[in-house]
$ cat data-v4.cif   # mmCIF, C-alpha atoms
data_entry
#
loop_
_atom_site.label_atom_id
_atom_site.label_comp_id
_atom_site.auth_asym_id
_atom_site.auth_seq_id
_atom_site.Cartn_x
_atom_site.Cartn_y
_atom_site.Cartn_z
CA MET S 30 -10.42 10.53 31.58
CA ALA S 31 -13.52 12.10 29.99
CA CYS S 32 -15.75 10.37 27.45
CA ARG S 33 -17.80 11.51 24.47
CA LEU S 34 -19.85 9.93 21.68
CA VAL S 35 -18.85 10.28 18.05
CA ASP S 36 -19.90 8.48 14.88
CA SER S 37 -17.35 6.43 12.99
CA MET S 38 -17.21 8.86 10.06
CA ALA S 39 -16.24 11.66 12.43
CA LEU S 40 -13.05 9.73 13.08
CA PHE S 41 -12.61 9.41 9.32
CA ASN S 42 -12.29 13.19 9.20
CA GLY S 43 -9.07 13.16 11.21
CA PRO S 44 -7.87 11.71 14.51
CA HIS S 45 -6.88 15.07 16.01
CA GLN S 46 -9.96 17.06 15.03
CA ASN S 47 -11.93 18.88 17.75
CA LEU S 48 -15.25 17.87 16.27
CA ALA S 49 -17.95 15.67 17.86
CA ARG S 50 -21.12 14.43 16.29
CA THR S 51 -23.53 12.36 18.33
CA GLN S 52 -26.62 10.40 17.53
CA LYS S 53 -27.49 9.04 20.94
CA ILE S 54 -26.17 9.49 24.43
CA ALA S 55 -25.01 6.93 26.90
CA SER S 56 -27.50 6.53 29.67
CA HIS S 57 -24.83 6.74 32.36
CA CYS S 58 -21.51 8.57 32.53
CA SER S 59 -19.03 8.29 35.35
CA PRO S 60 -18.11 11.42 37.35
CA GLY S 61 -16.09 13.87 35.34
CA THR S 62 -17.66 12.95 32.00
CA LEU S 63 -19.47 15.17 29.55
CA GLN S 64 -23.09 14.21 28.91
CA VAL S 65 -24.80 15.30 25.70
CA LYS S 66 -28.39 14.41 24.68
CA GLY S 67 -29.50 14.06 21.08
CA GLU S 68 -27.58 17.03 19.75
CA ILE S 69 -24.70 17.73 17.40
CA LEU S 70 -21.74 19.75 18.57
CA PHE S 71 -19.44 21.29 16.03
CA GLN S 72 -17.29 24.31 15.64
CA LYS S 73 -17.65 26.75 12.79
CA LYS S 74 -14.07 26.78 11.59
CA ILE S 75 -10.96 24.85 12.37
CA LYS S 76 -7.56 26.33 11.79
CA ARG S 77 -5.27 24.15 9.73
CA GLN S 78 -1.78 24.52 8.43
CA ASN S 79 -2.10 27.85 6.60
CA TYR S 80 -5.80 27.97 5.87
CA LEU S 81 -9.25 27.76 7.44
CA LEU S 82 -11.57 24.89 6.74
CA PRO S 83 -15.33 25.29 7.14
CA VAL S 84 -16.86 22.41 9.04
CA LYS S 85 -20.30 21.28 7.93
CA LYS S 86 -22.82 18.92 9.46
CA ALA S 87 -22.50 15.41 8.13
CA ALA S 88 -24.95 12.59 7.87
CA ILE S 89 -24.75 10.42 10.96
CA LEU S 90 -24.14 6.75 10.33
CA ARG S 91 -23.75 5.34 13.82
CA ALA S 92 -22.34 6.22 17.20
CA VAL S 93 -19.46 4.74 19.13
CA ALA S 94 -18.08 5.83 22.46
CA VAL S 95 -14.56 7.21 22.11
CA PRO S 96 -12.51 8.10 25.18
CA VAL S 97 -10.96 11.55 25.17
CA ALA S 98 -7.38 11.16 26.27
CA PRO S 99 -5.53 14.09 27.81
CA PRO S 100 -4.13 16.34 25.03
CA SER S 101 -0.52 15.60 25.88
CA SER S 102 -0.89 11.84 25.51
CA SER S 103 -3.85 11.23 23.22
CA ALA S 104 -1.75 9.95 20.32
CA ASP S 105 0.11 7.57 22.66
CA SER S 106 -2.94 6.20 24.47
CA ALA S 107 -3.53 2.48 23.91
CA GLU S 108 -7.28 2.97 24.27
CA TYR S 109 -7.23 5.81 21.74
CA ARG S 110 -5.25 3.72 19.23
CA LYS S 111 -7.71 0.87 19.71
CA GLN S 112 -10.62 3.16 18.85
CA LEU S 113 -8.80 4.44 15.77
CA SER S 114 -8.01 0.85 14.72
CA GLU S 115 -11.69 -0.06 14.81
CA SER S 116 -12.67 3.10 12.96
CA TYR S 117 -10.07 2.74 10.20
CA GLY S 118 -10.44 -1.02 9.70
CA PHE S 119 -7.15 -2.02 11.34
CA GLU S 120 -6.49 -4.83 13.79
CA GLN S 121 -3.73 -2.84 15.46
CA ILE S 122 -2.30 0.65 15.14
CA GLY S 123 1.29 0.57 16.28
CA GLU S 124 2.63 2.47 19.23
CA PRO S 125 5.05 5.22 18.10
CA LEU S 126 8.63 4.05 17.79
CA PRO S 127 11.08 5.91 20.08
CA ASP S 128 13.33 8.43 18.31
CA ASN S 129 16.50 6.71 19.50
CA VAL S 130 15.73 3.40 17.73
CA ARG S 131 17.76 3.02 14.54
CA LEU S 132 16.79 1.00 11.51
CA LYS S 133 20.02 -0.92 12.03
CA ASP S 134 18.77 -2.02 15.46
CA ILE S 135 15.64 -3.51 13.89
CA VAL S 136 17.56 -5.25 11.11
CA GLU S 137 20.00 -6.77 13.61
CA SER S 138 17.12 -8.20 15.65
CA LEU S 139 16.12 -10.43 12.71
CA PRO S 140 17.44 -14.01 12.51
CA LYS S 141 20.23 -14.37 9.96
CA GLU S 142 18.48 -17.16 8.08
CA VAL S 143 15.78 -14.81 6.76
CA PHE S 144 18.40 -13.18 4.52
CA GLU S 145 19.51 -16.47 2.95
CA ILE S 146 18.71 -17.06 -0.74
CA ASN S 147 17.38 -20.52 -1.56
CA ASP S 148 17.53 -21.31 -5.28
CA VAL S 149 14.98 -24.10 -5.02
CA LYS S 150 12.40 -21.85 -3.35
CA ALA S 151 13.14 -19.02 -5.78
CA TRP S 152 12.56 -21.15 -8.87
CA LYS S 153 9.55 -22.79 -7.23
CA SER S 154 7.96 -19.32 -7.10
CA VAL S 155 8.59 -19.01 -10.86
CA LEU S 156 6.93 -22.38 -11.42
CA VAL S 157 3.90 -21.34 -9.32
CA SER S 158 3.47 -18.14 -11.35
CA VAL S 159 3.92 -19.78 -14.76
CA ALA S 160 1.53 -22.61 -13.88
CA SER S 161 -1.14 -20.36 -12.35
CA TYR S 162 -0.95 -17.91 -15.28
CA SER S 163 -1.17 -20.77 -17.81
CA LEU S 164 -4.20 -22.12 -15.96
CA GLY S 165 -5.74 -18.65 -16.12
CA LEU S 166 -5.33 -18.50 -19.90
CA VAL S 167 -7.02 -21.90 -20.22
CA MET S 168 -9.86 -20.67 -17.99
CA ILE S 169 -10.31 -17.59 -20.21
CA ALA S 170 -10.35 -19.75 -23.35
CA LYS S 171 -12.87 -22.26 -21.97
CA ALA S 172 -15.09 -20.17 -19.70
CA PRO S 173 -18.57 -19.06 -20.79
CA TRP S 174 -18.98 -15.31 -20.97
CA TYR S 175 -20.60 -15.06 -17.53
CA LEU S 176 -17.58 -16.71 -15.85
CA LEU S 177 -14.98 -14.58 -17.65
CA PRO S 178 -14.73 -12.05 -14.74
CA LEU S 179 -13.64 -14.89 -12.44
CA ALA S 180 -11.10 -16.10 -15.02
CA TRP S 181 -9.76 -12.56 -15.41
CA ALA S 182 -9.53 -12.09 -11.63
CA TRP S 183 -7.50 -15.30 -11.30
CA THR S 184 -5.23 -14.52 -14.26
CA GLY S 185 -4.66 -10.90 -13.20
CA THR S 186 -3.65 -12.11 -9.74
CA ALA S 187 -1.40 -14.80 -11.21
CA ILE S 188 0.43 -12.32 -13.43
CA THR S 189 0.94 -10.12 -10.36
CA GLY S 190 3.15 -12.95 -9.17
CA PHE S 191 5.41 -12.26 -12.19
CA PHE S 192 5.81 -8.73 -10.89
CA VAL S 193 6.77 -10.00 -7.42
CA ILE S 194 9.44 -12.27 -8.93
CA GLY S 195 10.89 -9.31 -10.83
CA HIS S 196 10.60 -7.29 -7.63
CA ASP S 197 12.81 -9.82 -5.80
CA CYS S 198 15.30 -9.71 -8.67
CA ALA S 199 15.50 -5.92 -8.40
CA HIS S 200 16.27 -6.21 -4.67
CA LYS S 201 18.97 -8.84 -5.27
CA SER S 202 17.00 -11.36 -3.22
CA PHE S 203 16.20 -13.86 -6.00
CA SER S 204 19.63 -15.22 -6.98
CA ARG S 205 23.28 -14.86 -6.07
CA ASN S 206 23.98 -14.27 -9.76
CA LYS S 207 23.29 -10.67 -10.79
CA LEU S 208 23.02 -11.51 -14.50
CA VAL S 209 20.39 -14.16 -13.75
CA GLU S 210 18.42 -11.59 -11.76
CA ASP S 211 18.58 -9.04 -14.58
CA ILE S 212 17.38 -11.58 -17.14
CA VAL S 213 14.61 -13.06 -14.98
CA GLY S 214 13.46 -9.62 -13.84
CA THR S 215 13.29 -8.29 -17.39
CA LEU S 216 11.41 -11.36 -18.66
CA ALA S 217 8.98 -11.31 -15.71
CA PHE S 218 8.11 -7.67 -16.39
CA MET S 219 7.73 -7.99 -20.17
CA PRO S 220 4.14 -9.40 -20.25
CA LEU S 221 3.18 -6.47 -18.00
CA ILE S 222 4.87 -4.07 -20.47
CA TYR S 223 6.66 -2.70 -17.43
CA PRO S 224 10.26 -1.58 -18.07
CA TYR S 225 12.33 -3.38 -15.46
CA GLU S 226 15.33 -1.08 -15.00
CA PRO S 227 13.37 2.21 -14.85
CA TRP S 228 11.09 0.67 -12.26
CA ARG S 229 14.07 -0.67 -10.28
CA PHE S 230 15.73 2.74 -10.08
CA LYS S 231 12.56 4.48 -8.93
CA HIS S 232 11.61 1.69 -6.55
CA ASP S 233 15.01 1.88 -4.86
CA GLN S 234 14.21 5.54 -4.21
CA HIS S 235 10.88 4.54 -2.66
CA HIS S 236 12.70 2.29 -0.20
CA ALA S 237 15.35 4.87 0.60
CA LYS S 238 12.76 7.65 1.10
CA THR S 239 9.65 5.80 2.27
CA ASN S 240 6.90 8.25 3.32
CA MET S 241 9.19 11.20 2.74
CA LEU S 242 6.92 13.99 1.59
CA GLU S 243 8.54 15.02 -1.70
CA GLU S 244 11.10 12.31 -2.38
CA ASP S 245 9.01 9.10 -2.15
CA THR S 246 8.08 7.81 -5.60
CA ALA S 247 5.03 5.78 -4.52
CA TRP S 248 1.70 7.07 -3.17
CA HIS S 249 1.93 10.39 -1.37
CA PRO S 250 -0.66 13.01 -0.37
CA VAL S 251 -1.93 15.62 -2.79
CA TRP S 252 -0.52 19.11 -2.26
CA LYS S 253 -3.18 21.70 -1.45
CA GLU S 254 -1.71 23.97 -4.13
CA GLU S 255 -2.41 21.23 -6.70
CA PHE S 256 -5.94 20.79 -5.43
CA ASP S 257 -6.61 24.56 -5.58
CA SER S 258 -5.27 24.90 -9.13
CA ALA S 259 -7.34 24.65 -12.33
CA PRO S 260 -10.83 23.15 -11.81
CA ILE S 261 -10.25 20.48 -14.46
CA LEU S 262 -7.08 19.31 -12.70
CA ARG S 263 -8.88 19.30 -9.35
CA LYS S 264 -11.64 17.09 -10.76
CA ALA S 265 -9.07 14.73 -12.28
CA ILE S 266 -7.29 14.47 -8.92
CA ILE S 267 -10.57 13.78 -7.11
CA TYR S 268 -11.46 10.96 -9.48
CA GLY S 269 -7.91 9.60 -9.46
CA TYR S 270 -7.60 9.50 -5.66
CA GLY S 271 -11.25 8.46 -5.30
CA PRO S 272 -13.12 5.91 -7.44
CA PHE S 273 -10.25 5.28 -9.92
CA ARG S 274 -7.62 4.86 -7.21
CA PRO S 275 -7.41 1.05 -7.58
CA TRP S 276 -6.07 1.63 -11.11
CA MET S 277 -3.95 4.74 -10.57
CA SER S 278 -0.78 2.67 -10.91
CA ILE S 279 -1.42 2.90 -14.67
CA ALA S 280 -0.80 6.65 -14.51
CA HIS S 281 2.26 6.04 -12.33
CA TRP S 282 3.55 3.49 -14.87
CA LEU S 283 3.19 5.97 -17.74
CA LEU S 284 4.53 9.06 -15.99
CA TRP S 285 7.54 7.61 -14.17
CA HIS S 286 9.10 4.95 -16.39
CA PHE S 287 9.26 6.09 -20.01
CA ASP S 288 10.79 9.57 -19.75
CA LEU S 289 14.59 9.41 -20.04
CA LYS S 290 14.86 12.86 -18.44
CA LYS S 291 13.80 11.37 -15.11
CA PHE S 292 16.96 9.26 -14.86
CA ARG S 293 20.61 9.97 -14.10
CA PRO S 294 23.09 9.83 -17.00
CA ASN S 295 24.66 6.63 -15.66
CA GLU S 296 21.19 4.97 -15.59
CA VAL S 297 20.05 5.85 -19.10
CA LYS S 298 21.79 2.98 -20.94
CA ARG S 299 20.10 0.31 -18.80
CA VAL S 300 16.80 2.19 -19.03
CA LYS S 301 16.97 2.11 -22.84
CA ILE S 302 17.58 -1.66 -22.84
CA SER S 303 14.49 -2.22 -20.70
CA LEU S 304 12.39 0.08 -22.87
CA ALA S 305 13.54 -1.83 -25.97
CA CYS S 306 12.39 -5.11 -24.38
CA VAL S 307 8.98 -3.67 -23.53
CA PHE S 308 8.48 -2.22 -27.02
CA ALA S 309 9.59 -5.53 -28.54
CA PHE S 310 6.83 -7.31 -26.63
CA MET S 311 4.31 -4.69 -27.75
CA PHE S 312 5.32 -4.79 -31.43
CA ILE S 313 5.80 -8.56 -31.65
CA GLY S 314 3.66 -10.08 -28.89
CA TRP S 315 0.55 -7.98 -29.40
CA PRO S 316 0.31 -8.56 -33.18
CA LEU S 317 0.75 -12.30 -32.61
CA ILE S 318 -2.09 -12.32 -30.07
CA ILE S 319 -4.30 -10.34 -32.45
CA TYR S 320 -3.35 -12.58 -35.40
CA LYS S 321 -4.33 -15.71 -33.46
CA THR S 322 -7.39 -14.44 -31.55
CA GLY S 323 -8.43 -11.09 -33.05
CA ILE S 324 -8.85 -7.75 -31.33
CA LEU S 325 -11.41 -9.17 -28.91
CA GLY S 326 -8.95 -11.94 -28.12
CA TRP S 327 -6.32 -9.35 -27.27
CA VAL S 328 -8.83 -7.75 -24.89
CA LYS S 329 -9.77 -11.11 -23.35
CA PHE S 330 -6.34 -12.67 -23.02
CA TRP S 331 -4.10 -9.67 -22.38
CA LEU S 332 -5.88 -6.40 -21.55
CA MET S 333 -8.32 -7.65 -18.90
CA PRO S 334 -5.69 -9.62 -16.91
CA TRP S 335 -3.38 -6.58 -17.22
CA LEU S 336 -6.08 -4.38 -15.67
CA GLY S 337 -6.45 -7.01 -12.94
CA TYR S 338 -2.72 -6.79 -12.28
CA HIS S 339 -2.92 -3.00 -11.98
CA PHE S 340 -5.82 -3.34 -9.55
CA TRP S 341 -3.55 -5.31 -7.23
CA MET S 342 -0.54 -3.10 -7.93
CA SER S 343 -2.50 -0.01 -6.90
CA THR S 344 -4.32 -1.64 -3.99
CA PHE S 345 -1.28 -3.32 -2.47
CA THR S 346 0.85 -0.19 -2.73
CA MET S 347 -1.67 2.23 -1.24
CA VAL S 348 -2.56 -0.14 1.63
CA HIS S 349 1.15 -0.63 2.40
CA HIS S 350 1.75 3.02 3.31
CA THR S 351 -1.54 4.96 3.43
CA ALA S 352 -3.69 5.51 6.52
CA PRO S 353 -4.94 8.61 8.38
CA HIS S 354 -2.50 7.99 11.24
CA ILE S 355 0.60 7.39 9.06
CA PRO S 356 2.39 10.68 8.36
CA PHE S 357 4.43 11.75 5.38
CA LYS S 358 7.28 13.89 6.68
CA SER S 359 9.74 16.37 5.27
CA SER S 360 13.33 15.25 4.85
CA GLU S 361 14.30 17.30 7.93
CA GLU S 362 11.80 15.47 10.17
CA TRP S 363 12.01 12.03 8.57
CA ASN S 364 13.27 9.05 10.56
CA ALA S 365 14.20 5.84 8.69
CA ALA S 366 13.25 3.40 11.45
CA GLN S 367 9.88 5.06 12.06
CA ALA S 368 9.08 5.23 8.33
CA GLN S 369 9.94 1.60 7.61
CA LEU S 370 8.51 -0.02 10.76
CA ASN S 371 5.79 2.44 11.88
CA GLY S 372 4.96 3.76 8.41
CA THR S 373 4.38 0.41 6.71
CA VAL S 374 1.27 -1.77 7.02
CA HIS S 375 1.03 -5.55 7.22
CA CYS S 376 -2.23 -6.54 5.53
CA ALA S 377 -3.47 -10.12 5.26
CA TYR S 378 -5.42 -11.15 2.15
CA PRO S 379 -7.26 -14.40 1.30
CA GLN S 380 -4.84 -17.33 1.13
CA TRP S 381 -5.05 -17.84 -2.64
CA ILE S 382 -4.00 -14.22 -3.21
CA GLU S 383 -1.09 -14.56 -0.79
CA ILE S 384 0.12 -17.71 -2.61
CA LEU S 385 -0.17 -16.31 -6.13
CA CYS S 386 1.46 -13.02 -5.08
CA HIS S 387 4.29 -14.66 -3.11
CA ASP S 388 3.56 -12.98 0.25
CA ILE S 389 4.33 -9.46 -1.01
CA ASN S 390 1.80 -8.12 1.53
CA VAL S 391 3.88 -9.36 4.44
CA HIS S 392 5.37 -5.97 3.85
CA ILE S 393 6.91 -4.62 7.05
CA PRO S 394 9.97 -6.92 7.01
CA HIS S 395 10.44 -6.12 3.33
CA HIS S 396 10.80 -2.44 4.24
CA VAL S 397 13.02 -3.17 7.22
CA SER S 398 15.34 -4.93 4.76
CA PRO S 399 14.57 -5.35 1.03
CA ARG S 400 17.22 -8.10 0.87
CA ILE S 401 14.83 -10.58 2.52
CA PRO S 402 13.51 -13.00 -0.16
CA SER S 403 9.73 -13.17 -0.47
CA TYR S 404 9.63 -16.78 0.77
CA ASN S 405 11.27 -15.70 4.07
CA LEU S 406 9.01 -12.73 4.77
CA ARG S 407 6.65 -14.63 7.09
CA THR S 408 9.51 -15.86 9.26
CA ALA S 409 10.91 -12.33 9.41
CA HIS S 410 7.48 -10.89 10.28
CA LYS S 411 7.09 -13.38 13.13
CA SER S 412 10.43 -12.18 14.50
CA LEU S 413 9.31 -8.54 14.25
CA GLN S 414 6.10 -9.41 16.11
CA GLU S 415 8.13 -10.98 18.89
CA ASN S 416 10.59 -8.09 19.23
CA TRP S 417 8.70 -5.01 17.99
CA GLY S 418 5.09 -6.18 17.99
CA LYS S 419 3.54 -3.22 19.80
CA HIS S 420 4.90 -0.85 17.09
CA LEU S 421 3.40 -2.68 14.09
CA ASN S 422 0.41 -1.60 11.99
CA GLU S 423 -1.59 -4.72 11.15
CA ALA S 424 -4.84 -5.36 9.29
CA SER S 425 -6.74 -7.94 7.28
CA TRP S 426 -8.18 -6.64 4.04
CA ASN S 427 -11.69 -5.29 4.58
CA TRP S 428 -14.09 -2.76 3.11
CA ARG S 429 -13.70 -0.25 5.93
CA LEU S 430 -9.94 -0.14 5.37
CA MET S 431 -10.44 0.61 1.67
CA LYS S 432 -13.20 3.11 2.40
CA THR S 433 -10.95 4.99 4.80
CA ILE S 434 -8.12 5.24 2.28
CA MET S 435 -10.30 6.18 -0.68
CA THR S 436 -12.51 8.76 1.10
CA VAL S 437 -10.15 10.31 3.66
CA CYS S 438 -6.47 10.06 2.67
CA HIS S 439 -6.24 12.91 0.18
CA VAL S 440 -4.64 16.34 0.79
CA TYR S 441 -1.52 16.80 2.90
CA SER S 442 -1.86 18.43 6.30
CA LYS S 443 1.03 18.65 8.70
CA GLU S 444 -1.29 18.67 11.72
CA GLU S 445 -3.75 15.96 10.61
CA ASN S 446 -1.66 14.05 8.02
CA TYR S 447 -4.61 14.11 5.58
CA VAL S 448 -7.62 16.29 4.81
CA ALA S 449 -10.41 14.75 2.73
CA PHE S 450 -11.35 16.40 -0.57
CA ASP S 451 -14.95 17.00 0.49
CA ARG S 452 -13.81 19.09 3.45
CA LEU S 453 -12.00 21.44 1.10
CA ASN S 454 -14.41 21.56 -1.82
CA LYS S 455 -17.78 19.90 -1.27
CA GLU S 456 -19.18 20.87 -4.65
CA ASP S 457 -16.50 19.14 -6.75
CA SER S 458 -16.18 16.15 -4.41
CA TYR S 459 -19.30 14.26 -5.45
CA PRO S 460 -17.24 11.12 -6.28
CA ILE S 461 -16.03 11.06 -2.66
CA THR S 462 -19.45 11.59 -1.07
CA PHE S 463 -20.80 8.92 -3.44
CA LEU S 464 -18.13 6.45 -2.27
CA LYS S 465 -18.98 7.20 1.36
CA LYS S 466 -22.60 6.30 0.66
CA VAL S 467 -22.12 3.15 -1.44
CA MET S 468 -18.96 1.50 -0.06
CA PRO S 469 -19.70 -1.03 2.70
CA ASP S 470 -18.47 -0.18 6.19
CA LEU S 471 -17.56 -3.76 7.00
CA ALA S 472 -14.40 -4.70 8.89
#

$ encode --input "data-v4.cif" --output "structure tokens"
Amino acid sequence: MACRLVDSMALFNGPHQNLARTQKIASHCSPGTLQVKGEILFQKKIKRQNYLLPVKKAAILRAVAVPVAPPSSSADSAEYRKQLSESYGFEQIGEPLPDNVRLKDIVESLPKEVFEINDVKAWKSVLVSVASYSLGLVMIAKAPWYLLPLAWAWTGTAITGFFVIGHDCAHKSFSRNKLVEDIVGTLAFMPLIYPYEPWRFKHDQHHAKTNMLEEDTAWHPVWKEEFDSAPILRKAIIYGYGPFRPWMSIAHWLLWHFDLKKFRPNEVKRVKISLACVFAFMFIGWPLIIYKTGILGWVKFWLMPWLGYHFWMSTFTMVHHTAPHIPFKSSEEWNAAQAQLNGTVHCAYPQWIEILCHDINVHIPHHVSPRIPSYNLRTAHKSLQENWGKHLNEASWNWRLMKTIMTVCHVYSKEENYVAFDRLNKEDSYPITFLKKVMPDLA
């Protein structure tokens, strides 16, 4: 096996790219290795899907030694995956799942008790969310101005727990009573002004078509045709998938859940009921908040926690399914087992976030079977580690992980999965180059 030296940002530009940048050279190389001294090797143009991309010299941040696996097995090499893991901010990049493994095989490997609904645990999660949110409101009311950001961070995280409760209701994993689930789900979503039924319909599609290129309703790559369209749209896309990405769920909320034309005729009645509940909260709840606390009170007590919720909504969702090595595939190539097990990421967050958000980031078992209640996800994940551990993508939240997603995972490429905006249009991609400079590279 040959070896070469590349900087970590070279790996950010795509795992299958024939591009090497080097800052310093190893003093010794074993026989059969390529030795380069203090120079930068790059090729003028690299052929991509249906277009040519100019390759420019990039600022060198640091060098790491990356083994060059034989072309036929590079993607399957354990050493290669380890290097990618370190570069992307992962703890493990899963080994590809064999084509003959069915999703049913993975589901059947789970212990039966993880599917059992426990009413006490379900209502305990409601109590945790109500109590933590109430505490957050007290903190906002009592905190001096310089501690308000901490109060908002807590309250925004607590109200994210409401979303997770509604999320379990939508998956029929909260209660054995469907009416109870509909009522609790609708009430849990109302303070978020999120229409429950429209979200449920679209979220079911996300689970059925996870990481399917056109059909998935969650995060998916930008089409190159979109990026090459009007300059104003291109700039909006760059900002949306760059610095504003942790709040892009707001755009998703607006575009996907309020247009009746996006739903089947048999769904419209339930959609209208949910919309009526959301508008009732807006036209009754908001005026009451303003009457009691004023416009600034509405900003303090509702808007800022709501923005905190959308930060987590966006961050959780993009981390769950977005990484340079995770492909989005056409419906003809798509494989359910690979998408749900190999195409989903388990990401650990600080303990207080995990508690307030009811373990929603123990996400791989949730995609293997959405019928697993949130309080059983850790048991299910342990089972998956025991039976399918080498195929799992696992990480703990870190800056390098976020930097990779926000500066690399942009435009769809069949060969590379993603092409970064600044490789396609350097001039308009200042927000991306800015993020590369200012975001910490800590893992």

$ resolve_selection --input "data-v4.cif" --expression "the PyMOL selection byres ((chain S and resi 457) around 9)" --output "ChimeraX atom specification"
/S:260,263-264,267,450-451,454-456,458-460

$ residues_around --input "data-v4.cif" --residues "Ile222 in chain S" --least-positions-apart "2" --cutoff "6 Å" --atoms "all atoms listed in the file" --output "VMD selection string"
chain S and resid 219 to 220 307

$ residues_around --input "data-v4.cif" --residues "Leu336 in chain S" --least-positions-apart "4" --cutoff "9 Å" --atoms "all atoms listed in the file" --output "MDAnalysis selection string"
chainID S and resid 181 185 276 279 331:332 340:341

$ closest_residue --input "data-v4.cif" --among "S:Asp211, S:Trp381, S:Ser106, S:Phe330" --to "Ala172 in chain S" --atoms "only C-alpha atoms"
S:Phe330

$ atom_distance --input "data-v4.cif" --atom1 "CA of Asp128 in chain S" --atom2 "CA of Val251 in chain S"
27.0 Å

$ residues_around --input "data-v4.cif" --residues "Trp248 in chain S" --least-positions-apart "2" --cutoff "12 Å" --atoms "all atoms listed in the file" --output "PyMOL selection string"
chain S and resi 232+235+238-246+250-251+269-270+274-275+277-278+280-281+342-352+357+434+438-441

$ axis_aligned_box --input "data-v4.cif" --around "range 210-224 of chain S" --padding-each-side "3 Å" --output "AutoDock Vina command-line options"
--center_x 10.9 --center_y -7.3 --center_z -16.1 --size_x 21.4 --size_y 17.5 --size_z 14.7

$ atom_distance --input "data-v4.cif" --atom1 "CA of Pro353 in chain S" --atom2 "CA of Gln121 in chain S"
13.5 Å

$ atom_distance --input "data-v4.cif" --atom1 "CA of Asp470 in chain S" --atom2 "CA of Glu115 in chain S"
11.0 Å

$ resolve_selection --input "data-v4.cif" --expression "the PyMOL selection byres ((chain S and resi 301) around 12)" --output "ChimeraX atom specification"
/S:224-227,286-290,292,294-300,302-308

$ closest_residue --input "data-v4.cif" --among "S:Gly314, S:Pro356, S:Gly372, S:Pro399" --to "Glu423 in chain S" --atoms "all atoms listed in the file"
S:Gly372

$ resolve_selection --input "data-v4.cif" --expression "the PyMOL selection byres ((chain S and resi 407) around 12)" --output "PyMOL selection string"
chain S and resi 139+143+375+377+383+387-395+401-406+408-414

$ closest_residue --input "data-v4.cif" --among "S:Met168, S:Met435, S:Leu453, S:Cys376" --to "Ala180 in chain S" --atoms "all atoms listed in the file"
S:Met168

$ residues_around --input "data-v4.cif" --residues "Ile135 in chain S" --least-positions-apart "6" --cutoff "10 Å" --atoms "only C-alpha atoms" --output "list in words"
Ala366, Gln369, Leu370, Pro394, Val397, Ser398, Leu413, Asn416 and Trp417 of chain S
